[in-house]
Structures are given as structure tokens and as C-alpha cells.
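File shown here: structure.txt, holding compact mmCIF, C-alpha atoms.
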# COMPACT_ATOMS: atom_id res chain seq x y z
CA MET Y 1 -19.82 23.92 -8.69
CA SER Y 2 -17.10 22.69 -11.03
CA GLY Y 3 -13.49 21.76 -10.38
CA ASN Y 4 -14.05 18.31 -8.87
CA LYS Y 5 -12.28 16.38 -11.66
CA ILE Y 6 -8.63 15.89 -12.61
CA GLY Y 7 -7.01 14.11 -15.57
CA LYS Y 8 -7.83 13.69 -19.26
CA MET Y 9 -7.74 10.04 -20.42
CA PHE Y 10 -7.38 8.66 -16.89
CA ASN Y 11 -9.50 10.95 -14.75
CA VAL Y 12 -10.79 11.09 -11.20
CA THR Y 13 -13.91 12.88 -9.95
CA THR Y 14 -14.22 13.20 -6.17
CA PHE Y 15 -17.37 13.85 -4.16
CA GLY Y 16 -18.64 14.16 -0.60
CA SER Y 17 -18.09 16.31 2.48
CA SER Y 18 -16.68 16.02 5.98
CA HIS Y 19 -19.98 15.50 7.81
CA GLY Y 20 -22.13 14.29 4.91
CA LYS Y 21 -23.31 10.73 4.39
CA ALA Y 22 -20.31 9.56 2.38
CA LEU Y 23 -17.26 10.54 0.35
CA GLY Y 24 -15.67 8.86 -2.61
CA ALA Y 25 -14.46 8.95 -6.18
CA ILE Y 26 -15.35 7.94 -9.72
CA VAL Y 27 -12.30 6.75 -11.64
CA ASP Y 28 -12.87 6.79 -15.40
CA GLY Y 29 -10.52 5.80 -18.20
CA CYS Y 30 -8.83 2.88 -16.47
CA PRO Y 31 -8.15 0.12 -19.01
CA ALA Y 32 -9.88 -3.22 -18.59
CA GLY Y 33 -7.92 -6.17 -17.24
CA LEU Y 34 -6.14 -4.48 -14.33
CA GLU Y 35 -6.02 -6.77 -11.31
CA ILE Y 36 -7.28 -4.82 -8.30
CA SER Y 37 -9.43 -5.46 -5.25
CA ASP Y 38 -11.12 -3.59 -2.41
CA LYS Y 39 -8.11 -4.58 -0.30
CA ASN Y 40 -5.68 -2.72 -2.57
CA ILE Y 41 -7.69 0.47 -2.15
CA GLN Y 42 -8.12 -0.09 1.58
CA ILE Y 43 -4.36 -0.36 2.12
CA GLU Y 44 -3.93 3.14 0.70
CA LEU Y 45 -6.89 4.57 2.64
CA ASP Y 46 -5.49 3.21 5.90
CA LYS Y 47 -2.40 5.37 5.44
CA ARG Y 48 -4.49 8.56 5.77
CA ARG Y 49 -7.08 7.24 8.19
CA PRO Y 50 -7.67 9.43 11.28
CA GLY Y 51 -7.22 8.28 14.86
CA THR Y 52 -4.19 6.09 14.19
CA SER Y 53 -1.73 7.89 16.50
CA ASN Y 54 -1.51 10.61 19.15
CA ILE Y 55 -0.47 13.18 16.54
CA THR Y 56 -3.63 12.83 14.45
CA THR Y 57 -7.24 13.81 15.01
CA SER Y 58 -9.11 11.49 17.36
CA ARG Y 59 -12.06 11.19 14.97
CA GLY Y 60 -12.75 7.46 14.99
CA GLU Y 61 -13.35 6.64 11.33
CA LYS Y 62 -12.44 3.23 9.92
CA ASP Y 63 -12.75 4.57 6.36
CA GLU Y 64 -13.87 1.23 4.97
CA VAL Y 65 -14.14 1.36 1.19
CA ASN Y 66 -17.15 0.08 -0.75
CA VAL Y 67 -16.54 -0.44 -4.47
CA LEU Y 68 -19.85 -0.05 -6.29
CA SER Y 69 -18.85 -0.52 -9.93
CA GLY Y 70 -16.03 -1.05 -12.39
CA LEU Y 71 -14.65 -4.36 -11.12
CA PHE Y 72 -15.55 -7.88 -12.26
CA ASN Y 73 -13.88 -11.10 -11.14
CA GLY Y 74 -11.03 -9.20 -9.50
CA LYS Y 75 -10.21 -7.03 -12.51
CA THR Y 76 -11.28 -3.71 -13.96
CA ASP Y 77 -13.87 -4.06 -16.73
CA GLY Y 78 -13.19 -0.75 -18.49
CA THR Y 79 -16.22 1.02 -17.01
CA PRO Y 80 -16.11 3.79 -14.38
CA ILE Y 81 -14.87 2.60 -10.99
CA THR Y 82 -17.05 4.06 -8.25
CA ALA Y 83 -15.99 3.70 -4.62
CA VAL Y 84 -17.43 5.25 -1.46
CA VAL Y 85 -16.48 5.59 2.19
CA TYR Y 86 -19.33 6.24 4.61
CA ASN Y 87 -18.89 8.72 7.45
CA ARG Y 88 -19.54 7.05 10.82
CA ASP Y 89 -18.16 9.28 13.57
CA MET Y 90 -19.35 12.81 12.85
CA ASP Y 91 -19.93 15.36 15.63
CA SER Y 92 -21.32 18.54 14.11
CA SER Y 93 -22.19 20.18 17.44
CA ALA Y 94 -18.79 21.87 17.72
CA TYR Y 95 -19.48 23.81 14.53
CA GLU Y 96 -22.89 25.32 15.32
CA ASN Y 97 -21.41 28.44 16.90
CA LEU Y 98 -19.13 28.92 13.88
CA LYS Y 99 -21.70 28.99 11.08
CA ASN Y 100 -21.75 32.79 10.94
CA ASN Y 101 -18.18 33.29 12.13
CA PRO Y 102 -15.60 32.39 9.46
CA ARG Y 103 -12.60 30.61 10.89
CA PRO Y 104 -9.23 32.29 10.26
CA GLY Y 105 -7.10 30.28 7.85
CA HIS Y 106 -10.08 28.32 6.49
CA GLY Y 107 -12.15 28.76 3.35
CA ASP Y 108 -15.37 29.55 5.24
CA TYR Y 109 -15.59 33.17 4.11
CA THR Y 110 -14.47 32.61 0.52
CA TRP Y 111 -16.90 29.71 0.04
CA LYS Y 112 -19.77 31.90 1.27
CA ALA Y 113 -18.64 34.78 -0.93
CA ARG Y 114 -18.57 32.48 -3.95
CA TYR Y 115 -21.61 30.24 -3.45
CA GLY Y 116 -23.75 31.78 -0.71
CA ALA Y 117 -24.60 28.36 0.70
CA TYR Y 118 -21.89 26.66 2.73
CA ASP Y 119 -21.80 23.44 4.75
CA TYR Y 120 -19.98 24.71 7.82
CA ARG Y 121 -19.85 21.29 9.51
CA GLY Y 122 -16.19 20.34 9.62
CA GLY Y 123 -15.46 22.48 6.60
CA GLY Y 124 -17.91 20.61 4.36
CA ARG Y 125 -16.57 20.04 0.87
CA GLY Y 126 -13.49 22.10 1.76
CA SER Y 127 -12.42 19.68 4.48
CA GLY Y 128 -9.22 17.66 4.28
CA ARG Y 129 -11.44 14.62 4.61
CA THR Y 130 -12.42 15.00 0.96
CA THR Y 131 -8.95 13.74 0.05
CA ILE Y 132 -10.40 10.26 0.53
CA GLY Y 133 -11.35 10.63 -3.15
CA HIS Y 134 -7.76 11.44 -4.10
CA VAL Y 135 -6.54 8.30 -2.36
CA ILE Y 136 -9.15 6.07 -4.00
CA GLY Y 137 -8.14 7.38 -7.43
CA GLY Y 138 -4.48 7.08 -6.53
CA ALA Y 139 -4.88 3.46 -5.44
CA VAL Y 140 -6.14 2.55 -8.91
CA ALA Y 141 -3.40 4.64 -10.53
CA LYS Y 142 -0.69 2.97 -8.45
CA LYS Y 143 -1.85 -0.46 -9.62
CA LEU Y 144 -1.49 0.78 -13.21
CA LEU Y 145 2.00 2.06 -12.46
CA ASP Y 146 2.91 -1.31 -10.98
CA THR Y 147 2.45 -2.87 -14.43
CA MET Y 148 5.40 -0.74 -15.58
CA ASN Y 149 7.43 -1.05 -12.37
CA ILE Y 150 6.96 2.66 -11.62
CA LYS Y 151 6.92 3.63 -7.96
CA VAL Y 152 5.63 6.81 -6.31
CA LEU Y 153 6.74 7.46 -2.74
CA SER Y 154 6.01 10.42 -0.46
CA HIS Y 155 7.61 11.24 2.88
CA VAL Y 156 7.87 14.10 5.37
CA ILE Y 157 11.19 15.92 5.16
CA GLN Y 158 10.46 18.84 7.48
CA VAL Y 159 8.16 19.74 10.38
CA GLY Y 160 8.49 23.28 11.66
CA ASN Y 161 12.23 23.98 11.75
CA ILE Y 162 13.21 20.31 12.11
CA LYS Y 163 14.65 18.97 8.86
CA ALA Y 164 15.30 15.37 7.88
CA THR Y 165 18.66 14.27 6.52
CA LYS Y 166 18.63 13.48 2.81
CA MET Y 167 18.05 9.75 2.37
CA GLU Y 168 18.49 7.27 -0.47
CA LEU Y 169 15.32 5.97 -2.12
CA ASN Y 170 15.69 2.47 -0.67
CA GLU Y 171 16.07 3.92 2.83
CA ILE Y 172 12.96 6.07 2.37
CA GLU Y 173 10.95 3.09 1.21
CA ALA Y 174 12.11 0.98 4.16
CA ASN Y 175 11.68 3.63 6.87
CA VAL Y 176 8.68 5.78 5.96
CA GLY Y 177 6.15 3.46 7.60
CA LEU Y 178 8.14 2.96 10.82
CA ASN Y 179 6.88 6.08 12.62
CA SER Y 180 3.69 8.11 12.87
CA VAL Y 181 5.28 11.19 11.25
CA ARG Y 182 6.06 9.22 8.05
CA CYS Y 183 9.62 10.55 8.07
CA ALA Y 184 12.38 8.30 6.74
CA ASP Y 185 15.04 9.91 8.94
CA LEU Y 186 14.62 7.83 12.09
CA GLU Y 187 16.62 10.33 14.16
CA ALA Y 188 14.62 13.38 13.08
CA ALA Y 189 11.21 11.65 13.32
CA PRO Y 190 11.05 11.49 17.17
CA ARG Y 191 12.00 15.17 17.39
CA MET Y 192 9.28 16.03 14.87
CA GLU Y 193 6.73 14.05 16.87
CA ALA Y 194 7.79 15.72 20.13
CA LEU Y 195 7.36 19.16 18.53
CA ILE Y 196 3.91 18.28 17.21
CA LEU Y 197 2.78 16.97 20.61
CA HIS Y 198 4.16 20.00 22.43
CA LEU Y 199 2.30 22.39 20.15
CA LYS Y 200 -0.85 20.28 20.44
CA GLU Y 201 -0.76 20.68 24.24
CA THR Y 202 -0.51 24.48 23.89
CA GLY Y 203 -3.41 24.67 21.42
CA GLU Y 204 -1.11 25.35 18.48
CA SER Y 205 -0.27 23.62 15.21
CA VAL Y 206 2.69 23.35 12.84
CA GLY Y 207 3.35 22.93 9.13
CA GLY Y 208 6.10 21.26 7.13
CA ILE Y 209 7.32 19.93 3.80
CA VAL Y 210 6.39 16.69 2.04
CA GLU Y 211 8.54 15.28 -0.75
CA THR Y 212 7.29 12.93 -3.49
CA ILE Y 213 9.60 10.85 -5.68
CA VAL Y 214 8.62 9.01 -8.86
CA SER Y 215 11.13 6.33 -9.85
CA ASN Y 216 11.45 4.44 -13.16
CA ALA Y 217 9.12 6.70 -15.17
CA PRO Y 218 10.02 6.66 -18.89
CA ALA Y 219 11.26 9.73 -20.76
CA GLY Y 220 8.73 11.72 -22.74
CA LEU Y 221 5.71 11.90 -20.41
CA GLY Y 222 3.96 15.26 -20.58
CA GLU Y 223 3.14 17.92 -23.15
CA PRO Y 224 5.37 20.80 -24.29
CA VAL Y 225 3.09 23.76 -23.51
CA PHE Y 226 -0.17 23.88 -21.51
CA ASN Y 227 -0.26 20.32 -20.16
CA LYS Y 228 3.34 20.05 -19.08
CA LEU Y 229 3.99 17.22 -16.69
CA ASP Y 230 5.27 19.57 -14.01
CA SER Y 231 2.32 21.95 -14.37
CA ASP Y 232 -0.16 19.06 -14.07
CA ILE Y 233 1.63 17.77 -10.99
CA ALA Y 234 1.65 21.25 -9.47
CA GLN Y 235 -2.05 21.66 -10.24
CA ILE Y 236 -3.17 18.52 -8.45
CA LEU Y 237 -0.89 19.13 -5.45
CA MET Y 238 -1.99 22.74 -5.11
CA GLY Y 239 -5.55 21.40 -5.17
CA ILE Y 240 -4.93 19.69 -1.82
CA GLY Y 241 -6.12 21.81 1.10
CA SER Y 242 -3.37 23.55 3.13
CA VAL Y 243 -0.73 23.26 0.39
CA LYS Y 244 0.78 26.72 -0.17
CA GLY Y 245 3.70 25.97 -2.47
CA VAL Y 246 5.07 23.35 -4.87
CA GLU Y 247 8.58 23.05 -6.28
CA ILE Y 248 10.09 20.65 -8.82
CA GLY Y 249 13.71 19.51 -8.51
CA ILE Y 250 15.73 22.09 -6.64
CA GLY Y 251 12.83 24.52 -7.05
CA PHE Y 252 13.39 28.03 -5.72
CA LYS Y 253 17.09 27.36 -5.14
CA ALA Y 254 17.44 27.59 -8.92
CA ALA Y 255 17.17 31.37 -8.53
CA GLU Y 256 20.55 31.39 -6.76
CA LEU Y 257 22.49 29.41 -9.38
CA LYS Y 258 24.33 30.14 -12.58
CA GLY Y 259 23.38 28.28 -15.74
CA SER Y 260 26.51 26.17 -15.55
CA GLN Y 261 25.51 25.09 -12.04
CA MET Y 262 21.84 24.47 -12.79
CA ASN Y 263 22.12 22.52 -16.06
CA ASP Y 264 22.14 18.73 -15.79
CA GLY Y 265 24.75 17.31 -18.16
CA PHE Y 266 23.75 14.23 -20.18
CA CYS Y 267 25.64 10.95 -20.16
CA ILE Y 268 25.31 7.31 -21.22
CA ASP Y 269 24.83 4.98 -18.27
CA ASP Y 270 24.27 1.28 -18.87
CA GLU Y 271 23.29 2.01 -22.49
CA ALA Y 272 20.64 4.51 -21.38
CA ILE Y 273 20.61 8.30 -21.61
CA LYS Y 274 20.68 9.88 -18.18
CA THR Y 275 21.75 13.15 -16.57
CA ARG Y 276 24.79 13.49 -14.31
CA THR Y 277 22.79 15.53 -11.81
CA ASN Y 278 19.05 15.99 -11.36
CA ASN Y 279 18.50 19.65 -10.53
CA ALA Y 280 15.55 19.69 -12.94
CA GLY Y 281 13.80 17.04 -10.87
CA GLY Y 282 13.30 14.65 -13.77
CA ILE Y 283 11.37 17.08 -15.97
CA LEU Y 284 12.66 19.23 -18.85
CA GLY Y 285 10.55 21.14 -21.38
CA GLY Y 286 7.41 19.92 -19.64
CA MET Y 287 8.30 16.26 -20.19
CA SER Y 288 9.95 13.57 -18.11
CA THR Y 289 13.65 12.87 -18.67
CA GLY Y 290 13.68 9.32 -17.32
CA MET Y 291 15.43 10.45 -14.14
CA PRO Y 292 13.59 10.35 -10.79
CA ILE Y 293 10.84 12.96 -10.64
CA THR Y 294 11.17 14.91 -7.38
CA VAL Y 295 8.49 17.23 -6.05
CA ARG Y 296 8.13 19.02 -2.73
CA MET Y 297 5.10 20.79 -1.32
CA ALA Y 298 4.88 23.25 1.55
CA VAL Y 299 2.03 22.49 3.95
CA LYS Y 300 0.78 25.26 6.20
CA PRO Y 301 0.00 24.77 9.91
CA THR Y 302 -3.45 23.35 10.61
CA PRO Y 303 -5.72 26.42 10.77
CA SER Y 304 -8.01 24.87 13.41
CA ILE Y 305 -6.27 25.69 16.69
CA SER Y 306 -7.80 25.84 20.17
CA GLN Y 307 -6.75 29.41 20.85
CA ILE Y 308 -8.97 32.47 20.77
CA GLN Y 309 -8.84 34.07 17.32
CA LYS Y 310 -10.27 37.24 15.84
CA THR Y 311 -12.99 37.06 13.18
CA VAL Y 312 -16.28 38.74 12.22
CA ASP Y 313 -19.96 37.96 12.74
CA LEU Y 314 -21.52 37.78 9.28
CA LYS Y 315 -25.02 38.44 10.67
CA THR Y 316 -24.22 41.52 12.76
CA MET Y 317 -21.26 42.60 10.61
CA LYS Y 318 -19.23 43.29 13.72
CA ASP Y 319 -15.81 42.14 14.92
CA THR Y 320 -15.85 39.19 17.28
CA GLU Y 321 -13.72 36.34 18.60
CA ILE Y 322 -14.01 32.56 18.35
CA LYS Y 323 -12.49 29.48 19.91
CA ILE Y 324 -12.51 26.38 17.74
CA ASP Y 325 -13.41 23.09 19.41
CA GLY Y 326 -13.69 19.71 17.70
CA ARG Y 327 -11.07 17.17 16.63
CA HIS Y 328 -8.18 18.31 14.47
CA ASP Y 329 -4.70 17.26 13.41
CA PRO Y 330 -1.98 19.39 15.06
CA CYS Y 331 0.13 18.76 11.94
CA ILE Y 332 -1.33 17.80 8.58
CA CYS Y 333 1.91 16.51 7.05
CA PRO Y 334 1.78 12.84 8.14
CA ARG Y 335 -1.74 12.27 6.80
CA ILE Y 336 -1.30 14.43 3.71
CA THR Y 337 1.68 12.30 2.65
CA PRO Y 338 -0.40 9.43 1.18
CA VAL Y 339 -2.61 12.06 -0.49
CA ALA Y 340 0.42 13.52 -2.27
CA GLU Y 341 1.51 10.02 -3.27
CA ALA Y 342 -1.94 9.26 -4.67
CA SER Y 343 -2.24 12.61 -6.45
CA VAL Y 344 1.08 12.32 -8.29
CA SER Y 345 0.22 8.72 -9.21
CA ILE Y 346 -2.99 9.92 -10.89
CA ILE Y 347 -1.07 12.39 -13.05
CA ILE Y 348 1.61 9.87 -14.02
CA ALA Y 349 -1.02 7.25 -14.93
CA ASP Y 350 -2.91 9.77 -17.06
CA HIS Y 351 0.21 10.77 -18.96
CA LEU Y 352 1.29 7.16 -19.48
CA ILE Y 353 -2.00 6.49 -21.27
CA ARG Y 354 -1.84 9.77 -23.18
CA ALA Y 355 1.71 9.02 -24.37
CA GLY Y 356 0.82 5.50 -25.50
CA TYR Y 357 2.77 3.58 -22.87
CA ILE Y 358 -0.46 1.98 -21.60
CA ASN Y 359 -3.23 0.83 -23.92
CA PRO Y 360 -6.36 2.91 -23.06
CA CYS Y 361 -8.76 0.02 -23.74
CA LYS Y 362 -7.24 -3.05 -22.14
CA LEU Y 363 -4.02 -4.28 -20.62
CA ASN Y 364 -2.01 -6.91 -22.46
CA PRO Y 365 -4.13 -6.51 -25.63
CA LYS Y 366 -2.24 -9.29 -27.47
CA LYS Y 367 -3.26 -11.95 -24.93

For this file, produce the structure as C-alpha cells.
Amino acid sequence: MSGNKIGKMFNVTTFGSSHGKALGAIVDGCPAGLEISDKNIQIELDKRRPGTSNITTSRGEKDEVNVLSGLFNGKTDGTPITAVVYNRDMDSSAYENLKNNPRPGHGDYTWKARYGAYDYRGGGRGSGRTTIGHVIGGAVAKKLLDTMNIKVLSHVIQVGNIKATKMELNEIEANVGLNSVRCADLEAAPRMEALILHLKETGESVGGIVETIVSNAPAGLGEPVFNKLDSDIAQILMGIGSVKGVEIGIGFKAAELKGSQMNDGFCIDDEAIKTRTNNAGGILGGMSTGMPITVRMAVKPTPSISQIQKTVDLKTMKDTEIKIDGRHDPCICPRITPVAEASVSIIIADHLIRAGYINPCKLNPKK
């Protein structure tokens, strides 16, 4: 199996499965001299940890990180950073009756069609739990971005048909951690939570939209053709389970506009080149413009619902029905938000090194 690695000069390989012994990541290409600790990684992991509210799965994992290599005396040493999180609270019994009955909305059938062998326990390698590796890689990337005062922030802007009011970046940063939905609109957040809980009680689930904003990124990140910044961002976000769409800037609304409405006029602001609007979402010609990079991803409803669903029996090759038990999030958006933040951070860090903004060997090379 391939496809477990992202990035070129700064790259992250993830490993592990939902009910296996452990999950984690190998982060390669991080320059030496970056100050980072287990605590920095743990802070990010805690944002996606299960069992933290009544709108998340009740699986009781602490997700404590163990860094095995790559750090020395509180700094990176230029070698691969390997970090693992051990699974502690698995219950595979709920999946025994599903091993020959692919769950609707999941990758059970396609994994079997592709590989033959499939770890059906909690979705195996296809589980959302594997995003622990994304977050580990993103924690390292975010520390790199801090050296250039670049921030990446993700928040929930829609759950079902409930939409958040557009907020300023400082408001988002201040409010996103104040509720379990991770929505910066403090009026919309309780209504989102109420909807999620209502659907949970009826055995249903709901999807939504997560927005990610990159502030203070320099102009010129990205490549002009196959490794465009926006295509790399879309690739890593579409690689997150349950993401069904990604848009940059105003995205699909661009189809409704005229050129004169869509184009962002340039101007000089405080001796810097900026654009008067930001319909392009901070990316033109595959490269960053220096304006905030804005990305949104559509997240489908959690496919594991406690209602009877139609499927097939792969042994008898007959139609049948299943009811999924186990512990599942009624809405993935709140816990996928830190995964989006981490994922975009990985891409930005990679392109900063590729464009020469960060020395690939060591930080502060003149010291």
C-alpha cells in the first residue's frame, strides 16, 4: 500500500489503524534547531481527542504522545521525528458482525476490492483515528510557521443548515476554543450543538463546512503548474476521511461572477503590494499573493449511524441489512477542525522550505 506520505522537502508519513497497537507519524525534512517538545504536540492532539464533550464519540482515549526520535535537548536535530500514540480503549466486538457486510458510506467495500485483506475493526487504516498522524506532523509544522509569524486557524462555519456569521480573524482566534463545536460565532454555536445532539438521539448524523485561514504567509509560495499551492492544499484536505469538497477563496461562487467582479485589484498598502479584495483566497497562478489564504472543505455526515441500513453479505452474495453499534461522532466537523489546521500547516511549511524562506538544514544558520 502506498499513499501514506505527503510533502516533498518537509514530509509526513502516517501509520497505524483504529484498533491496532498504535498510530503515529514520521516527520522528515524538519531543519535542526527548532524548539519543540512533547507538550507542543500534545496540545494539538488534545484538540482532536475523543470523549471531550457530549457531541463526540465516548471512546476514552487520552491520546498521549510518545516522541521516539528527532529531538535532542528540546530541539529538533535534523533527523526524522517519530511520534506514536498507543490505543488504550478499543472495543472491537461491535464490528464482528460487520466483517462481511460493508457499511454504507464507508470504505469497507472499496478497501476489500482493492486489497482483499481489510481490518474491519473500527475502519482500520481508513478510520478517522488515523488523522492522529496528520496532527503530529502539523504540530511540528506549526512550530516552524511560528518562526515566521505565520498562523493557521480552522473553525466550523456551518453544521447542517445552520451557518455562522462571517467573523474577523481576531474574533475567530479568540472564540474558536470557547465551545465544543469549535465555531467562532457564539450565537450560532449553541444552535449547532443542539442540532447535533438532537440527531444523535434519533440515531442520525450531520455534516458541515470547516474553514481554514492562513495569515501572514509571504507571496510566492507554490509552483506554477503541477505543484500549485492550492492543488497541494486541496490534495491533503481531500485526503482526510469524509471530506467531499474543497474550495479556495470564493470557490464555486466564482462561476456566478463576471471577470470584473471576480478579479482582485492590486494596491499599495503600507508600502506593501496587496489586493483590494480577496476573491482568489490568497492564491493566484498556483502561488500565494501575500493575502490571507482561505480554504473551505465540505464534510459529509458521519456514515456510522444507529439506524438499520441496507447492504450485502459478501459471503452469501445476497442483500441484507445491518445496524451499526459502537462509539461514533454524530458530527465530524468539530474534531476534524484541528486536522484541517494541521494539514494546511504541513503544506505551508513544505513550500516555505522549497521556496527558500526556511533553511532546510538548520534554523538561524548564521548563529

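Counting from CA of Val140 (chain Y), the distance to CA of Ser37 (chain Y) is 9.4 Å.
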
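Using only C-alpha atoms for every distance, the candidate list Y:Gly356, Y:Gly251, Y:Gly177, Y:Gly245 yields Y:Gly251 as the residue closest to Ile283 (chain Y).
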
Shell around Met291 (chain Y) at 9 Å using all atoms listed in the file, local window under 3 positions removed, as a ChimeraX atom specification: /Y:214-219,274-275,278,281-283,288

Neighbours of Ala22 (chain Y) within 9 Å (all atoms listed in the file; same-chain residues fewer than 6 positions away dropped), as JSON, numbers by chain? {"Y": [15, 16, 84, 85, 86, 87, 88]}

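Residues in contact with Ile322 (chain Y) at 10 Å, where only C-alpha atoms are counted and same-chain residues fewer than 2 positions away are skipped, are listed as Asn97, Leu98, Asn101, Pro102, Arg103, Pro104, Ser306, Gln307, Ile308, Gln309, Lys310, Thr311, Val312, Asp313, Thr320, Ile324 and Asp325 of chain Y.
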
Skipping near chain neighbours, those fewer than 6 positions away, what residues fall within 8 Å of region 193-201 of chain Y using only C-alpha atoms, listed as a PyMOL selection string? chain Y and resi 54-55+180-181+330-331
